[in-house]
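The data block below is protein_0.cif; it holds mmCIF, C-alpha atoms.
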data_structure
loop_
_atom_site.label_atom_id
_atom_site.label_comp_id
_atom_site.auth_asym_id
_atom_site.auth_seq_id
_atom_site.Cartn_x
_atom_site.Cartn_y
_atom_site.Cartn_z
CA MET X 12 14.10 29.18 -2.00
CA VAL X 13 16.86 31.69 -2.24
CA VAL X 14 19.58 31.10 -4.78
CA VAL X 15 22.63 33.28 -4.33
CA GLU X 16 25.14 34.12 -7.02
CA GLY X 17 27.84 32.03 -5.41
CA THR X 18 25.86 28.85 -6.08
CA ILE X 19 27.09 28.78 -9.64
CA TYR X 20 30.77 28.20 -8.87
CA PRO X 21 30.59 24.78 -7.23
CA LEU X 22 28.11 23.72 -9.93
CA LEU X 23 30.37 24.81 -12.78
CA SER X 24 33.34 23.22 -11.11
CA ARG X 25 31.57 19.92 -10.67
CA LEU X 26 30.19 19.86 -14.22
CA GLN X 27 33.67 20.50 -15.51
CA ARG X 28 35.13 17.76 -13.33
CA ASP X 29 32.53 15.36 -14.73
CA GLY X 30 33.52 16.34 -18.26
CA LEU X 31 30.28 18.06 -19.21
CA LEU X 32 31.86 21.50 -19.51
CA GLN X 33 35.11 22.98 -20.69
CA HIS X 34 36.34 26.52 -20.32
CA GLU X 35 38.76 28.89 -21.92
CA TRP X 36 40.30 32.07 -20.67
CA GLN X 37 39.75 35.35 -22.45
CA GLU X 38 41.53 38.60 -21.84
CA SER X 39 39.43 41.28 -20.30
CA GLU X 40 39.93 44.98 -20.96
CA GLN X 41 39.66 45.73 -17.30
CA GLY X 42 40.79 43.50 -14.50
CA PRO X 43 41.78 39.84 -14.65
CA PRO X 44 41.02 37.53 -17.59
CA ARG X 45 37.56 35.92 -17.67
CA LYS X 46 36.57 32.31 -17.90
CA TYR X 47 34.14 31.29 -20.65
CA TYR X 48 32.43 27.95 -20.26
CA GLU X 49 31.11 25.75 -23.05
CA ALA X 50 29.35 22.40 -23.04
CA THR X 51 31.39 19.48 -24.33
CA GLU X 52 30.03 16.90 -26.77
CA PHE X 53 29.41 14.58 -23.85
CA GLY X 54 27.70 17.45 -22.06
CA HIS X 55 25.28 17.90 -24.95
CA GLU X 56 24.49 14.18 -24.94
CA VAL X 57 23.78 14.23 -21.22
CA MET X 58 21.64 17.32 -21.63
CA ALA X 59 19.49 15.62 -24.29
CA LEU X 60 19.03 12.57 -22.05
CA VAL X 61 18.15 14.63 -18.98
CA THR X 62 15.70 16.76 -20.96
CA GLU X 63 13.97 13.62 -22.12
CA LYS X 64 13.88 12.25 -18.58
CA ILE X 65 12.37 15.43 -17.19
CA ALA X 66 9.73 15.46 -19.93
CA THR X 67 8.76 11.89 -19.05
CA LEU X 68 8.63 12.78 -15.37
CA ASN X 69 6.41 15.77 -16.07
CA LYS X 70 4.08 13.65 -18.16
CA THR X 71 3.83 11.07 -15.38
CA LEU X 72 3.13 13.74 -12.78
CA LYS X 73 0.42 15.28 -14.93
CA ARG X 74 -1.31 11.92 -15.27
CA LEU X 75 -1.55 11.50 -11.49
CA MET Q 8 40.08 59.48 6.13
CA LYS Q 9 40.06 55.92 7.35
CA GLU Q 10 43.20 53.89 7.49
CA VAL Q 11 43.80 51.79 4.39
CA THR Q 12 46.03 48.90 3.48
CA ARG Q 13 46.86 47.14 0.28
CA ILE Q 14 45.55 43.76 -0.88
CA HIS Q 15 45.41 41.73 -4.05
CA ILE Q 16 42.28 40.12 -5.28
CA ALA Q 17 42.75 37.88 -8.31
CA LYS Q 18 46.09 39.48 -8.93
CA THR Q 19 44.54 42.92 -8.98
CA SER Q 20 45.72 45.34 -6.34
CA TYR Q 21 43.31 47.40 -4.27
CA ASP Q 22 43.42 49.76 -1.37
CA VAL Q 23 41.11 48.60 1.35
CA GLU Q 24 39.87 49.96 4.67
CA ILE Q 25 41.12 47.98 7.66
CA GLU Q 26 37.57 47.10 8.74
CA ALA Q 27 36.66 46.05 5.21
CA LYS Q 28 39.76 43.90 4.96
CA LYS Q 29 38.90 42.03 8.14
CA GLU Q 30 35.37 41.45 6.92
CA LEU Q 31 36.59 40.26 3.53
CA GLY Q 32 39.16 38.00 5.16
CA ARG Q 33 36.48 36.35 7.31
CA TYR Q 34 34.29 35.84 4.30
CA LEU Q 35 37.01 34.26 2.18
CA ALA Q 36 38.09 32.05 5.07
CA ALA Q 37 34.52 30.83 5.48
CA LEU Q 38 34.36 30.10 1.77
CA GLU Q 39 37.59 28.13 1.91
CA LYS Q 40 36.28 26.06 4.76
CA TYR Q 41 33.32 24.94 2.69
CA SER Q 42 35.12 24.37 -0.54
CA ASP Q 43 38.56 22.81 -0.84
CA ASP Q 44 38.59 23.51 -4.56
CA THR Q 45 41.17 26.25 -5.25
CA GLU Q 46 39.71 26.77 -8.67
CA ILE Q 47 36.38 27.78 -7.16
CA MET Q 48 38.16 30.21 -4.87
CA MET Q 49 39.91 31.65 -7.91
CA ASP Q 50 36.64 32.03 -9.77
CA ILE Q 51 35.05 33.76 -6.81
CA GLU Q 52 37.93 36.16 -6.51
CA ILE Q 53 37.56 37.05 -10.18
CA ARG Q 54 33.88 37.57 -9.66
CA ILE Q 55 34.61 39.85 -6.71
CA THR Q 56 36.73 42.10 -8.90
CA GLU Q 57 33.88 42.25 -11.39
CA ILE Q 58 31.36 43.16 -8.74
CA LEU Q 59 33.72 45.83 -7.45
CA ALA Q 60 34.07 47.16 -11.00
CA GLU Q 61 30.30 47.31 -11.28
CA ARG Q 62 30.31 49.38 -8.12
CA GLY Q 63 32.80 51.73 -9.69
CA ILE Q 64 35.93 50.49 -7.91
CA LYS Q 65 38.76 49.79 -10.29
CA LYS Q 66 42.36 48.81 -9.78
CA ASP Q 67 44.12 50.65 -6.95
CA GLN Q 68 40.94 52.26 -5.67
CA VAL Q 69 39.60 51.98 -2.15
CA ILE Q 70 37.28 49.22 -1.01
CA THR Q 71 34.99 50.20 1.88
CA LEU Q 72 33.17 48.06 4.41
CA ASP Q 73 29.89 48.74 2.59
CA ASP Q 74 31.38 47.29 -0.61
CA VAL Q 75 32.39 44.10 1.17
CA LYS Q 76 28.95 43.74 2.75
CA ALA Q 77 27.28 44.28 -0.61
CA LEU Q 78 29.35 41.69 -2.44
CA ARG Q 79 28.94 39.26 0.40
CA GLU Q 80 25.18 39.61 0.06
CA GLN Q 81 25.31 39.19 -3.70
CA LEU Q 82 27.54 36.12 -3.68
CA GLY Q 83 25.78 34.61 -0.71
CA GLU Q 84 26.87 32.85 2.44
CA PRO Q 85 29.03 29.78 1.86
CA LYS Q 86 26.55 27.45 3.53
CA GLU Q 87 23.95 28.54 1.00
CA PHE Q 88 25.89 27.21 -1.95
CA LYS Q 89 28.13 24.56 -0.54
CA GLN Q 90 28.58 21.44 -2.58
CA ASP Q 91 25.85 19.10 -1.61
CA ASP Q 92 26.07 15.59 -2.91
CA GLY Q 93 22.61 14.83 -1.70
CA ASP Q 94 23.45 12.75 1.35
CA ASP Q 95 24.88 15.32 3.74
CA ASP Q 96 21.50 16.91 4.35
CA PRO Q 97 19.36 14.62 6.45
CA VAL Q 98 15.63 15.05 5.97
CA ALA Q 99 14.48 17.34 8.71
CA GLU Q 100 10.77 16.61 8.58
CA GLU Q 101 10.62 13.23 10.29
CA THR Q 102 7.28 13.52 11.98
CA GLY Q 103 7.44 10.17 13.72
CA GLU Q 104 4.71 7.60 14.00
CA ALA Q 105 3.07 8.80 17.16
CA GLY Q 106 0.75 11.74 17.31
CA ILE Q 107 -1.23 10.96 14.21
CA GLY Q 108 -4.58 9.47 15.06
CA ARG Q 109 -6.04 6.64 13.09
CA LYS Q 110 -8.90 7.23 10.72
CA LEU Q 111 -11.69 4.81 10.07
CA PHE Q 112 -11.74 3.54 6.52
CA ARG Q 113 -13.04 0.42 4.87
CA ASP Q 114 -10.05 -1.80 4.15
CA THR Q 115 -11.01 -3.05 0.72
CA ASP Q 116 -7.63 -4.76 0.24
CA ASN Q 117 -8.41 -7.31 2.93
CA ALA Q 118 -12.15 -7.32 2.50
CA VAL Q 119 -14.38 -10.36 2.47
CA LEU Q 120 -17.49 -8.33 1.75
CA GLY Q 121 -17.26 -4.57 2.13
CA GLY Q 122 -14.09 -4.27 4.20
CA VAL Q 123 -15.96 -2.79 7.18
CA LEU Q 124 -14.59 -5.30 9.67
CA SER Q 125 -11.05 -5.31 8.35
CA GLY Q 126 -11.21 -1.51 8.43
CA LEU Q 127 -12.37 -1.62 12.05
CA ALA Q 128 -9.60 -4.10 12.79
CA ALA Q 129 -7.02 -1.73 11.31
CA PHE Q 130 -8.59 1.11 13.29
CA PHE Q 131 -8.30 -0.76 16.57
CA GLY Q 132 -5.04 -2.41 15.61
CA VAL Q 133 -6.21 -6.02 15.90
CA ASN Q 134 -6.33 -8.95 13.53
CA PRO Q 135 -9.35 -8.85 11.18
CA ALA Q 136 -10.19 -12.44 12.14
CA VAL Q 137 -10.85 -11.26 15.72
CA MET Q 138 -13.23 -8.62 14.42
CA ARG Q 139 -15.01 -11.17 12.22
CA ILE Q 140 -15.51 -13.65 15.03
CA LEU Q 141 -16.79 -10.87 17.29
CA PHE Q 142 -19.18 -9.76 14.59
CA ILE Q 143 -20.57 -13.27 14.05
CA LEU Q 144 -21.13 -13.58 17.81
CA LEU Q 145 -22.83 -10.21 17.79
CA MET Q 146 -25.02 -11.33 14.90
CA LEU Q 147 -26.14 -14.40 16.82
CA MET Q 148 -26.80 -12.43 19.99
CA SER Q 149 -28.68 -9.62 18.31
CA PHE Q 150 -30.75 -11.90 16.03
CA GLY Q 151 -29.30 -10.38 12.90
CA THR Q 152 -29.75 -6.69 13.64
CA ALA Q 153 -25.94 -6.37 13.68
CA LEU Q 154 -26.23 -6.90 9.93
CA LEU Q 155 -28.07 -3.59 9.71
CA ALA Q 156 -25.21 -1.89 11.54
CA TYR Q 157 -22.80 -3.51 9.09
CA VAL Q 158 -24.77 -2.28 6.08
CA LEU Q 159 -25.00 1.18 7.61
CA LEU Q 160 -21.22 1.34 8.18
CA TRP Q 161 -20.66 0.06 4.68
CA ALA Q 162 -22.73 2.93 3.31
CA VAL Q 163 -21.26 5.61 5.56
CA VAL Q 164 -17.56 4.76 5.91
CA PRO Q 165 -15.43 5.57 2.86
CA SER Q 166 -13.09 2.97 1.48
CA ALA Q 167 -9.32 3.49 1.78
CA GLN Q 168 -8.36 4.22 -1.80
CA THR Q 169 -5.18 6.26 -1.84
CA ALA Q 170 -1.93 5.29 -0.20
CA ALA Q 171 -2.46 8.15 2.26
CA ASP Q 172 -5.84 6.69 3.25
CA LYS Q 173 -4.29 3.29 3.82
CA LEU Q 174 -1.55 4.77 5.99
CA GLN Q 175 -3.96 6.87 8.05
CA MET Q 176 -6.12 3.80 8.49
CA ARG Q 177 -3.22 2.15 10.34
CA GLY Q 178 -2.25 5.36 12.11
CA ARG Q 179 1.03 5.73 10.28
CA SER Q 180 2.42 9.07 9.25
CA VAL Q 181 2.16 9.97 5.60
CA THR Q 182 5.65 10.48 4.22
CA ILE Q 183 7.14 9.88 0.83
CA ALA Q 184 8.89 6.78 2.13
CA SER Q 185 5.78 5.28 3.67
CA ILE Q 186 3.71 6.01 0.57
CA ARG Q 187 6.29 4.21 -1.50
CA GLU Q 188 6.07 1.29 0.90
CA VAL Q 189 2.33 1.06 0.39
CA ASN Q 190 2.59 1.30 -3.36
CA GLU Q 191 5.18 -1.43 -3.47
CA GLY Q 192 2.93 -3.57 -1.32
CA MET Q 193 5.36 -3.71 1.58
CA VAL Q 194 2.93 -2.61 4.28
CA ALA Q 195 1.94 -5.76 6.09
CA ARG Q 196 -1.00 -6.82 4.01
CA ARG Q 197 -2.77 -9.61 5.73
CA PRO Q 198 -3.82 -12.13 3.16
CA GLY Q 199 -7.46 -11.59 2.32
CA MET Q 200 -9.43 -14.15 0.44
CA ASP Q 201 -7.97 -15.10 -2.86
CA ILE Q 202 -10.04 -14.18 -5.87
CA GLU Q 203 -11.11 -17.70 -6.80
CA THR Q 204 -12.56 -18.43 -3.35
CA LYS Q 205 -14.29 -15.08 -3.40
CA LYS Q 206 -15.81 -15.75 -6.81
CA THR Q 207 -17.09 -19.16 -5.79
CA LEU Q 208 -18.47 -17.79 -2.56
CA LEU Q 209 -20.23 -14.93 -4.32
CA THR Q 210 -21.74 -17.24 -6.93
CA LEU Q 211 -22.93 -19.57 -4.17
CA THR Q 212 -24.46 -16.63 -2.31
CA GLY Q 213 -26.14 -15.51 -5.51
CA VAL Q 214 -27.64 -18.94 -6.15
CA ILE Q 215 -28.84 -19.25 -2.56
CA CYS Q 216 -30.37 -15.78 -2.76
CA VAL Q 217 -32.19 -16.60 -6.01
CA ILE Q 218 -33.56 -19.80 -4.51
CA GLY Q 219 -34.48 -17.87 -1.36
CA ALA Q 220 -36.27 -15.21 -3.40
CA ALA Q 221 -38.22 -17.79 -5.42
CA LEU Q 222 -39.22 -19.77 -2.33
CA THR Q 223 -40.23 -16.65 -0.44
CA VAL Q 224 -42.41 -15.41 -3.30
CA LEU Q 225 -43.98 -18.85 -3.71
CA PHE Q 226 -44.62 -19.23 0.01
CA THR Q 227 -45.95 -15.69 0.42
CA VAL Q 228 -48.35 -15.94 -2.50
CA MET Q 229 -49.54 -19.45 -1.59
CA ALA Q 230 -49.98 -18.61 2.06
CA GLY Q 231 -51.65 -15.30 1.28
CA LEU Q 232 -54.09 -16.94 -1.13
CA ALA Q 233 -54.72 -19.87 1.17
CA VAL Q 234 -55.48 -17.65 4.12
CA TYR Q 235 -57.63 -15.38 2.00
CA PHE Q 236 -59.80 -18.10 0.42
CA ASN Q 237 -60.13 -20.16 3.55
CA ARG Q 238 -60.82 -17.29 5.87
CA TYR Q 239 -64.41 -18.49 6.49
CA HIS Q 240 -63.77 -22.26 6.38
CA ALA Q 241 -60.44 -23.04 7.99
CA PHE Q 242 -60.70 -20.67 10.85
CA SER Q 243 -64.44 -20.28 11.15
CA GLN Q 244 -64.61 -20.04 14.85
CA GLU Q 245 -65.56 -16.98 16.76
CA ILE Q 246 -63.72 -14.20 14.94
CA ALA Q 247 -65.20 -12.49 11.93
CA VAL Q 248 -62.82 -11.46 9.20
CA SER Q 249 -62.57 -7.81 9.91
CA ASN Q 250 -60.98 -5.20 7.71
CA LEU Q 251 -58.20 -5.06 10.27
CA LEU Q 252 -57.29 -8.67 9.69
CA LEU Q 253 -57.36 -8.20 5.95
CA GLY Q 254 -54.99 -5.28 6.45
CA ALA Q 255 -52.75 -7.52 8.50
CA LEU Q 256 -52.79 -10.09 5.71
CA VAL Q 257 -51.81 -7.46 3.15
CA GLY Q 258 -48.99 -6.29 5.45
CA ALA Q 259 -47.72 -9.81 5.89
CA VAL Q 260 -47.77 -10.49 2.17
CA CYS Q 261 -45.99 -7.19 1.54
CA SER Q 262 -43.25 -8.03 4.01
CA GLY Q 263 -42.89 -11.43 2.38
CA LEU Q 264 -42.51 -9.86 -1.05
CA LEU Q 265 -40.05 -7.33 0.31
CA LEU Q 266 -38.00 -10.15 1.81
CA ALA Q 267 -38.04 -11.77 -1.61
CA SER Q 268 -36.84 -8.55 -3.25
CA LEU Q 269 -34.10 -8.28 -0.64
CA PHE Q 270 -32.94 -11.71 -1.72
CA GLY Q 271 -33.21 -10.52 -5.31
CA ILE Q 272 -31.03 -7.48 -4.68
CA LEU Q 273 -28.45 -9.57 -2.84
CA ALA Q 274 -28.43 -12.07 -5.70
CA TYR Q 275 -27.93 -9.27 -8.21
CA ALA Q 276 -25.07 -7.85 -6.14
CA ALA Q 277 -23.47 -11.28 -5.81
CA PHE Q 278 -23.67 -12.03 -9.50
CA SER Q 279 -22.53 -8.63 -10.69
CA ARG Q 280 -19.70 -8.88 -8.10
CA LYS Q 281 -20.06 -5.32 -6.97
CA MET Q 282 -21.78 -3.54 -4.14
CA THR Q 283 -22.51 0.03 -5.13
CA LYS Q 284 -23.89 2.76 -2.92
CA ARG Q 285 -27.18 2.43 -4.81
CA THR Q 286 -27.42 -1.26 -3.96
CA ILE Q 287 -26.73 -0.54 -0.30
CA VAL Q 288 -29.31 2.23 -0.13
CA SER Q 289 -31.96 0.05 -1.76
CA ILE Q 290 -31.14 -2.75 0.68
CA CYS Q 291 -31.65 -0.32 3.57
CA ILE Q 292 -34.96 0.87 2.14
CA VAL Q 293 -36.22 -2.65 1.50
CA ILE Q 294 -35.24 -3.80 4.98
CA SER Q 295 -36.91 -0.87 6.70
CA LEU Q 296 -40.07 -1.16 4.58
CA GLY Q 297 -40.15 -4.89 5.27
CA LEU Q 298 -39.80 -4.33 9.01
CA VAL Q 299 -42.53 -1.68 8.95
CA SER Q 300 -45.00 -3.87 7.04
CA PHE Q 301 -44.18 -6.91 9.17
CA CYS Q 302 -44.69 -4.97 12.37
CA THR Q 303 -47.91 -3.51 11.00
CA ALA Q 304 -49.19 -7.02 10.22
CA VAL Q 305 -48.29 -8.31 13.68
CA GLY Q 306 -49.71 -5.21 15.33
CA LEU Q 307 -52.98 -5.40 13.45
CA THR Q 308 -53.39 -9.08 14.29
CA GLN Q 309 -52.73 -8.48 17.95
CA TYR Q 310 -55.15 -5.60 17.91
CA SER Q 311 -57.87 -7.80 16.30
CA VAL Q 312 -57.30 -10.48 18.87
CA PHE Q 313 -57.54 -7.94 21.63
CA LYS Q 314 -60.73 -6.53 20.12
CA THR Q 315 -62.27 -9.96 19.66
CA ARG Q 316 -61.61 -10.93 23.24
CA TYR Q 317 -63.40 -7.94 24.63
CA GLU Q 318 -66.09 -7.60 21.94
CA PRO Q 319 -66.96 -11.26 21.31
CA ASP Q 320 -69.64 -10.74 18.65
CA ALA Q 321 -67.38 -8.70 16.38
CA SER Q 322 -65.66 -11.63 14.75
CA SER Q 323 -65.77 -15.29 13.90
CA TRP Q 324 -62.16 -16.07 12.95
CA ALA Q 325 -59.59 -17.79 15.09
CA PRO Q 326 -56.99 -15.10 15.79
CA SER Q 327 -54.32 -17.29 17.24
CA GLN Q 328 -54.22 -19.60 14.26
CA PHE Q 329 -54.22 -16.72 11.82
CA HIS Q 330 -51.44 -15.12 13.76
CA ARG Q 331 -49.40 -18.28 13.72
CA PHE Q 332 -49.89 -18.57 9.99
CA ILE Q 333 -48.74 -15.04 9.30
CA LYS Q 334 -45.66 -15.56 11.33
#
Give the structure from this file in structure tokens form.
Amino acid sequence: MVVVEGTIYPLLSRLQRDGLLQHEWQESEQGPPRKYYEATEFGHEVMALVTEKIATLNKTLKRL
Amino acid sequence: MKEVTRIHIAKTSYDVEIEAKKELGRYLAALEKYSDDTEIMMDIEIRITEILAERGIKKDQVITLDDVKALREQLGEPKEFKQDDGDDDPVAEETGEAGIGRKLFRDTDNAVLGGVLSGLAAFFGVNPAVMRILFILLMLMSFGTALLAYVLLWAVVPSAQTAADKLQMRGRSVTIASIREVNEGMVARRPGMDIETKKTLLTLTGVICVIGAALTVLFTVMAGLAVYFNRYHAFSQEIAVSNLLLGALVGAVCSGLLLASLFGILAYAAFSRKMTKRTIVSICIVISLGLVSFCTAVGLTQYSVFKTRYEPDASSWAPSQFHRFIK
């Protein structure tokens, strides 16, 4: 499966819309300002839950 | 020098070749078609300036067609990273139900005994009851030899254990959806016998087999002894007790004992409620040994009778009566 660089933009946009990410602008020495993303508190919670879920799934798959 | 024009990407101005501008315009238009989110477009534009910077093109420098092609390759085609919410991409690998042949398995879910007949029913796509009635008719017509075929199939045909086996048994394609169906018990599972009935039936079979074994042993030993000790008195007519007839007697007794052990094995299987490969193999061996010894006994008797008829002074024992007794 090929994953191109452009894949990241819709993903970031969606995560931000769902409130998992927030971003801030930072000036860049050359060219336009850059966006820096950061996980919100809710984002961290979701991440913990998903990690747990994936671990359970992996365990189940290994047992098969 | 190629003709250039001026454009702005993310509020940064560049000079760009006409060809490169057209190419870039097509690319951005394609991106816009896939994503209505202006923020994404903005992000991509910023990323384009960064990629251009990495390629050594800063503000007010010239973008060539090669640059556009390179960044297009790096960012990817829009359809490769469009927003998919999971439902706009129908599963392409629908193989359909036809084309996959059925495989013969033993259907242990609907089994009465070993699942051979229900497996055959699934294989031919008929109701198991039809198969069972056919088999009983076949048993009656073939004087029980169909049972041997059943035992053989039981030993040879594997049981359908995984969901994939069960699907192939019914000739259905193995997909994630159909496997889930099987595991949730949604595939039409014809009601087999419930466990209580099965238990009672097995116990009954076991008891009958034990009684059968005991009676067979008793009868074989009694008959064998009776024939042996009365060989001069009861049948003292014109046939002498030759070694051949003694051999026949031994063969007959052996087959009787083997029949008894067959009952024993069946009783064991019924009581332990399982039919392993080992049990099946020993049943096959016992049956074939029993048939061999029985045929030997009959053959030897017939041969003695034949001999007596044509060499009258060789014996003094009634062959027909002995024969009848053995049988």
Could you tell me which of Q:Cys261, Q:Leu174, Q:Ile58, Q:Val11 comes closest to chain X if we count only C-alpha atoms?
->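 Counting only C-alpha atoms, the residue closest to chain X is Q:Ile58.
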With a cut-off of 6 Å and counting only C-alpha atoms, select all residues of chain X in contact with chain Q and give the selection as a ChimeraX atom specification.
-> /X:15-18,20
Atom CA of Q:Ile202 and atom CA of Q:Ile272 are how many Å apart?
-> 22.1 Å
Go through the shown structure with the PyMOL selection byres ((chain X and resi 31) around 10) and write out the matching residues as JSON, numbers by chain.
-> {"X": [23, 25, 26, 27, 28, 29, 30, 32, 33, 49, 50, 51, 52, 53, 54, 55, 56, 57, 58]}
What does the file look like for those residues with C-alpha atoms, as a CSV table (one decimal), keeping the file's coordinate frame?
chain,number,residue,atom,x,y,z
X,23,LEU,CA,30.4,24.8,-12.8
X,25,ARG,CA,31.6,19.9,-10.7
X,26,LEU,CA,30.2,19.9,-14.2
X,27,GLN,CA,33.7,20.5,-15.5
X,28,ARG,CA,35.1,17.8,-13.3
X,29,ASP,CA,32.5,15.4,-14.7
X,30,GLY,CA,33.5,16.3,-18.3
X,32,LEU,CA,31.9,21.5,-19.5
X,33,GLN,CA,35.1,23.0,-20.7
X,49,GLU,CA,31.1,25.8,-23.0
X,50,ALA,CA,29.4,22.4,-23.0
X,51,THR,CA,31.4,19.5,-24.3
X,52,GLU,CA,30.0,16.9,-26.8
X,53,PHE,CA,29.4,14.6,-23.8
X,54,GLY,CA,27.7,17.4,-22.1
X,55,HIS,CA,25.3,17.9,-25.0
X,56,GLU,CA,24.5,14.2,-24.9
X,57,VAL,CA,23.8,14.2,-21.2
X,58,MET,CA,21.6,17.3,-21.6
Got a sec: who's within 8 Å of Q:Leu273, counting all atoms listed in the file, leaving out chain neighbours fewer than 4 positions off, as a PyMOL selection string?
-> chain Q and resi 213+216+269+277
Expanded to explicit residues, what is the PyMOL selection byres ((chain Q and resi 223) around 9) for this file, as a ChimeraX atom specification?
-> /Q:218-222,224-228,263-264,266-267,270
Selected residues written out, C-alpha atoms, as a compact mmCIF listing (two decimals), in the frame of the given file:
# COMPACT_ATOMS: atom_id res chain seq x y z
CA ILE Q 218 -33.56 -19.80 -4.51
CA GLY Q 219 -34.48 -17.87 -1.36
CA ALA Q 220 -36.27 -15.21 -3.40
CA ALA Q 221 -38.22 -17.79 -5.42
CA LEU Q 222 -39.22 -19.77 -2.33
CA VAL Q 224 -42.41 -15.41 -3.30
CA LEU Q 225 -43.98 -18.85 -3.71
CA PHE Q 226 -44.62 -19.23 0.01
CA THR Q 227 -45.95 -15.69 0.42
CA VAL Q 228 -48.35 -15.94 -2.50
CA GLY Q 263 -42.89 -11.43 2.38
CA LEU Q 264 -42.51 -9.86 -1.05
CA LEU Q 266 -38.00 -10.15 1.81
CA ALA Q 267 -38.04 -11.77 -1.61
CA PHE Q 270 -32.94 -11.71 -1.72
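Residues matched by the PyMOL selection byres ((chain Q and resi 126-141) around 6) in this structure: Q:Leu111, Q:Phe112, Q:Arg113, Q:Asp114, Q:Gly122, Q:Val123, Q:Leu124, Q:Ser125, Q:Phe142, Q:Ile143, Q:Leu144, Q:Arg177.
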Writing out the chosen residues with C-alpha atoms as a PDB file, keeping the file's coordinate frame:
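Just written: again-v3.pdb:
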ATOM      1  CA  LEU Q 111     -11.690   4.810  10.070  1.00  0.00           C
ATOM      2  CA  PHE Q 112     -11.740   3.540   6.520  1.00  0.00           C
ATOM      3  CA  ARG Q 113     -13.040   0.420   4.870  1.00  0.00           C
ATOM      4  CA  ASP Q 114     -10.050  -1.800   4.150  1.00  0.00           C
ATOM      5  CA  GLY Q 122     -14.090  -4.270   4.200  1.00  0.00           C
ATOM      6  CA  VAL Q 123     -15.960  -2.790   7.180  1.00  0.00           C
ATOM      7  CA  LEU Q 124     -14.590  -5.300   9.670  1.00  0.00           C
ATOM      8  CA  SER Q 125     -11.050  -5.310   8.350  1.00  0.00           C
ATOM      9  CA  PHE Q 142     -19.180  -9.760  14.590  1.00  0.00           C
ATOM     10  CA  ILE Q 143     -20.570 -13.270  14.050  1.00  0.00           C
ATOM     11  CA  LEU Q 144     -21.130 -13.580  17.810  1.00  0.00           C
ATOM     12  CA  ARG Q 177      -3.220   2.150  10.340  1.00  0.00           C
TER      13      ARG Q 177
END
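Reported to one decimal place, the separation of atom CA of Q:Leu296 from atom CA of Q:Thr210 is 27.0 Å.
Minimum atom-to-atom distance to Q:Ile55, evaluated using only C-alpha atoms, belongs to X:Gly42 out of X:Gly42, X:Leu72, X:Trp36, X:Pro21.
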In Å, with one decimal, what is the gap from atom CA of Q:Val189 to atom CA of Q:Ala167?
->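 The value is 12.0 Å.
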Residue with smallest distance to Q:Phe313 - pool Q:Gly258, Q:Leu252, Q:Gly297, Q:Ile290, counting all atoms listed in the file | Q:Leu252
Hey, what's within 7 Å of X:Lys46 if we count only C-alpha atoms and toss same-chain stuff fewer than 2 positions away? As a ChimeraX atom specification, please?
-> /X:34-37,44,48
